[in-house]
2 protein chains.
Amino acid sequence: MAKQRPTISDVAREAGVSKGLVSFALNDRPGVAADTRLRILDVANEMGWRPSLRARSLSTDRAFALGLVIARDPEIMSGDPFFPAFISGVEAALAPVGQTLVLSMVESEAAEFASYRQLADHGRIDGVILSDLRRNDPRVALVHELGLRAITLGHPDIESPFPAISVDDSPGIRSVVAHLADLGHQRIAHVAGPSRMLHGIRRSESFASALQERGLVDTLVVETDFTAADGARATRELLKLADRPTAIVYSNDVMAIAGLGVAQRSGFDVPRDLSITGFDGSDIGAYIYPSLTTVTTAVQDWGRQAAELLLRVIAGEQGDDIELAPAQLVVRESSAPPPTTDIPYPRKGTDRD
Amino acid sequence: MAKQRPTISDVAREAGVSKGLVSFALNDRPGVAADTRLRILDVANEMGWRPSLRARSLSTDRAFALGLVIARDPEIMSGDPFFPAFISGVEAALAPVGQTLVLSMVESEAAEFASYRQLADHGRIDGVILSDLRRNDPRVALVHELGLRAITLGHPDIESPFPAISVDDSPGIRSVVAHLADLGHQRIAHVAGPSRMLHGIRRSESFASALQERGLVDTLVVETDFTAADGARATRELLKLADRPTAIVYSNDVMAIAGLGVAQRSGFDVPRDLSITGFDGSDIGAYIYPSLTTVTTAVQDWGRQAAELLLRVIAGEQGDDIELAPAQLVVRESSAPPPTTDIPYPRKGTDRD
DNA sequence: TAGGTTATCTAAACCGGTTCAGAATGATCG
DNA sequence: CGATCATTCTGAACCGGTTTAGATAACCTA
């Protein structure tokens, strides 16, 4: 005796019209007399009718859902502040319009491809958000070939049929460099992201050109895979150099925090002996000691706008590229003027033995 | 001239049988002659037939997807190592069977309810994973009423029609306390999670009973909301006490890291002056200085098994409670014997001025 | 007043599967 | 040899919407 939810046919019978007309009325399509439409809507409302997404999905060939495939080692994901905030923003845009996010987290590139294929084949999603763009990213072609709509986070380095929504990292990097240079730093190192990732490359390029403008050497660059482990390794390498940097600009906060750990363990006082900056500020950076000078982006807003843009694209509307407000420098405790005297390495005289 | 994907009718025509029989053959149901079945499968395979999830969804009234609703402030999510790893595990179980995860991230409890309702109403999912159980959690009844299948992460404190998959925090907490007590600590504090959350409560209870067994005072408990900010506040409060603790057990790693920051900023040397431990170990804890003694769980495995259990429940199979291996203590640098002499507060004599 | 438009509505096909009643066939049994 | 039964298969209904062709009625125009 379970109360079945009413279908469009129930509404039609109750309102004394045909099934098709109900559909027209409910979808606000022309060809229905004003009073009839009203009556149908009333009846539907009264009966508590709600559309069946599945039926609609089958007949209209749409999924009413967006996909996000994240290809990362879960170790990297943990601690990464980007996706939680981003997803939360996406959600904020989707929930009000009754759409949902289908999330896929995979570890390898092969699995990533399979995931896009499966989502498209099964008709799970109408479009995807392509994040973490790589150089010559094959996903652009793949997704296009699969017939999915899409947007990219950032501009791809190849021809792309999809609009991009991006945040220019350059001003953020530049302001970090300017901040450090203004403090008097001459040897500023960069712990960069992987060069196969576009934002890794672009941050490095911005870093290099910012240094050049200031007339500073830009040879102190170590490439990493964005993990804490690799950030630590990069830091150890830099600190062992004869012409050791007095400041290190990290391409993300996780590495900056790991780097801070390495520096402190080696006996460096941050920021007295060494300045450190992060990127893509996470909450936790404000609470460590010293708190982390970093660059923050309105990630949640980025997610919201990305989802809205993709919805527009799916709806067939004009989908223009969107450029969001650039990242902002947040100066905290981990950056200070460089030491005036040379510091030996490994530094002694700390209160640890 | 787009190559349409073949439907079951195409296969039927090609194989010279009826549509219904093809369906039977493809679903391995009895009543199809062995050779006919083979022929049908051959034809289907040759034509590249793949089932339409949407059509199947409509006629079988299933979604072939699981839901996960996360109700947290994105600020808390960032830095929380649990969900990325958990989701990655869920994904590992879903991808091979062609199912997907529908993720919803909301900020308020009202939005959380609406989210469950919407997912169920729209038939987006067949079941949900209930995480972050609260005391007297209304979601258990809600989800049941919505007709969804579900499993809970941990045992609810109320009657529940759903199987639970849990990790006993108790051994983890106990081994932390044992570790600290063995080092000689007498005043061990606890920075607890919110008391409306079951795992918050249970960790606190385990902590209290572990202390009692050792005959130690258990009055040093501060409740928090699990955020870095609140972890920092709790730490400040504890360190201001006259009978300040010599060790602090945090209910998660994020708070432990924030607490470490507070302690260091106040001039405490960790672990010489104060020992600190975390919980639910994140990767980053291994890289900070001092590295964080913590308790780790195989979160990814938890996710995988949770998804598998829920799939079984949805399939109508027996769904028994599952108890996973308890959390493991990982001793690192942030814990050491208590100081032998009293330490003034705020402590002076650090190399910062 | 006949002929043509337009607005409104119905009936049926369609999306791509599943499922069930019953027909056709062949085997078994008394 | 006819009745009974199991096996194999067909045809049609069904899930709950959308969409299109065409029927009907009302309204204009000449």
# chains A, B, ... in the order shown; residues from 1 in each chain; ligands from 1
>>> interface_residues(of="chain A", to="chain B", cutoff="6 Å", atoms="only C-alpha atoms", output="list of chain:residue names")
A:Leu53, A:Arg54, A:Leu58, A:Pro74, A:Met77, A:Ser78, A:Gly79, A:Pro81, A:Pro84, A:Ala85, A:Ser88, A:Leu101, A:Val102, A:Leu103, A:Met105, A:His122, A:Ala258, A:Gly261, A:Tyr287, A:Ile288, A:Tyr289
>>> interface_residues(of="chain C", to="chain A", cutoff="7 Å", atoms="only C-alpha atoms (C1' of nucleotides)", output="list in words")
DA7, DT8, DT10 and DC15 of chain C
>>> residues_around(residues="Ile314 (chain B)", least_positions_apart="5", cutoff="12 Å", atoms="only C-alpha atoms (C1' of nucleotides)", output="PyMOL selection string")
chain B and resi 62-66+125-129+147-151+162-163+307-309+319
>>> interface_residues(of="chain D", to="chain A", cutoff="12 Å", atoms="only C-alpha atoms (C1' of nucleotides)", output="ChimeraX atom specification")
/D:15-20
>>> select_by_dssp(residues="region 250-283 of chain A", states="strand (DSSP E or B)", output="MDAnalysis selection string")
chainID A and resid 250 275:277
>>> decode(residues="region 11-26 of chain D", atoms="N, CA and C atoms (P, O5', C5', C4', C3', O3' and C1' of nucleotides)", output="CSV table (one decimal), in the first residue's frame")
chain,number,residue,atom,x,y,z
D,11,DG,P,7.1,-12.4,-33.0
D,11,DG,O5',6.1,-11.7,-32.0
D,11,DG,C5',5.0,-12.4,-31.5
D,11,DG,C4',4.2,-11.6,-30.5
D,11,DG,C3',4.2,-10.1,-30.8
D,11,DG,O3',2.9,-9.7,-30.7
D,11,DG,C1',5.1,-10.5,-28.7
D,12,DA,P,2.5,-8.2,-30.9
D,12,DA,O5',2.3,-7.7,-29.4
D,12,DA,C5',1.7,-8.5,-28.5
D,12,DA,C4',1.7,-7.9,-27.1
D,12,DA,C3',1.6,-6.4,-27.1
D,12,DA,O3',0.8,-6.0,-26.0
D,12,DA,C1',3.6,-7.0,-26.0
D,13,DA,P,0.3,-4.5,-25.9
D,13,DA,O5',0.5,-4.3,-24.3
D,13,DA,C5',0.3,-5.3,-23.4
D,13,DA,C4',1.2,-5.1,-22.2
D,13,DA,C3',1.1,-3.7,-21.7
D,13,DA,O3',1.0,-3.7,-20.2
D,13,DA,C1',3.4,-4.3,-22.0
D,14,DC,P,0.7,-2.3,-19.5
D,14,DC,O5',2.1,-1.9,-18.9
D,14,DC,C5',2.8,-2.9,-18.1
D,14,DC,C4',4.2,-2.3,-17.8
D,14,DC,C3',4.2,-0.8,-17.6
D,14,DC,O3',4.6,-0.6,-16.2
D,14,DC,C1',6.0,-1.5,-19.0
D,15,DC,P,4.2,0.9,-15.6
D,15,DC,O5',5.6,1.5,-15.3
D,15,DC,C5',6.6,0.8,-14.7
D,15,DC,C4',7.9,1.5,-14.9
D,15,DC,C3',7.8,3.0,-15.1
D,15,DC,O3',8.0,3.6,-13.8
D,15,DC,C1',9.2,2.1,-16.7
D,16,DG,P,6.8,4.7,-13.3
D,16,DG,O5',7.2,6.0,-14.1
D,16,DG,C5',8.4,6.6,-13.9
D,16,DG,C4',8.6,7.7,-14.9
D,16,DG,C3',7.4,8.7,-15.1
D,16,DG,O3',8.0,10.0,-15.3
D,16,DG,C1',7.9,7.8,-17.2
D,17,DG,P,7.2,11.2,-14.8
D,17,DG,O5',8.0,12.4,-15.6
D,17,DG,C5',7.7,12.9,-16.8
D,17,DG,C4',8.8,12.5,-17.8
D,17,DG,C3',8.7,13.3,-19.1
D,17,DG,O3',9.5,14.4,-19.0
D,17,DG,C1',9.0,11.0,-19.6
D,18,DT,P,9.2,15.7,-20.0
D,18,DT,O5',9.6,15.1,-21.4
D,18,DT,C5',11.0,14.9,-21.8
D,18,DT,C4',11.0,14.6,-23.3
D,18,DT,C3',10.6,15.8,-24.2
D,18,DT,O3',11.5,15.9,-25.2
D,18,DT,C1',9.4,13.8,-24.7
D,19,DT,P,11.6,17.2,-26.2
D,19,DT,O5',10.9,16.6,-27.5
D,19,DT,C5',11.3,15.4,-28.1
D,19,DT,C4',10.4,15.0,-29.2
D,19,DT,C3',9.8,16.2,-30.0
D,19,DT,O3',10.0,15.9,-31.4
D,19,DT,C1',8.1,14.8,-29.3
D,20,DT,P,10.0,17.0,-32.4
D,20,DT,O5',9.2,16.4,-33.6
D,20,DT,C5',9.2,15.0,-33.7
D,20,DT,C4',7.9,14.5,-34.3
D,20,DT,C3',7.2,15.5,-35.2
D,20,DT,O3',6.7,14.8,-36.4
D,20,DT,C1',5.7,14.8,-33.6
D,21,DA,P,6.4,15.6,-37.7
D,21,DA,O5',5.2,14.8,-38.3
D,21,DA,C5',5.0,13.4,-38.0
D,21,DA,C4',3.6,13.0,-38.0
D,21,DA,C3',2.7,13.7,-39.0
D,21,DA,O3',1.8,12.8,-39.5
D,21,DA,C1',1.9,14.1,-36.8
D,22,DG,P,0.8,13.2,-40.8
D,22,DG,O5',-0.5,13.5,-40.0
D,22,DG,C5',-1.1,12.5,-39.2
D,22,DG,C4',-2.2,13.1,-38.3
D,22,DG,C3',-3.3,13.9,-39.1
D,22,DG,O3',-4.5,13.6,-38.6
D,22,DG,C1',-2.5,15.1,-37.3
D,23,DA,P,-5.8,13.6,-39.5
D,23,DA,O5',-7.0,13.8,-38.5
D,23,DA,C5',-7.0,13.0,-37.3
D,23,DA,C4',-7.7,13.7,-36.2
D,23,DA,C3',-9.0,14.5,-36.7
D,23,DA,O3',-10.0,14.2,-35.7
D,23,DA,C1',-7.5,16.0,-35.6
D,24,DT,P,-11.5,14.6,-36.1
D,24,DT,O5',-11.7,15.9,-35.3
D,24,DT,C5',-11.4,16.0,-33.9
D,24,DT,C4',-11.4,17.4,-33.4
D,24,DT,C3',-12.6,18.2,-34.0
D,24,DT,O3',-13.4,18.6,-32.9
D,24,DT,C1',-10.6,19.4,-34.0
D,25,DA,P,-14.8,19.3,-33.1
D,25,DA,O5',-14.5,20.8,-32.7
D,25,DA,C5',-13.7,21.0,-31.6
D,25,DA,C4',-13.3,22.5,-31.5
D,25,DA,C3',-14.3,23.5,-32.0
D,25,DA,O3',-14.3,24.6,-31.1
D,25,DA,C1',-12.4,23.8,-33.3
D,26,DA,P,-15.5,25.6,-31.0
D,26,DA,O5',-14.7,27.0,-31.2
D,26,DA,C5',-13.5,27.2,-30.6
D,26,DA,C4',-12.7,28.3,-31.3
D,26,DA,C3',-13.6,29.5,-31.8
D,26,DA,O3',-13.0,30.7,-31.5
D,26,DA,C1',-12.4,28.6,-33.6
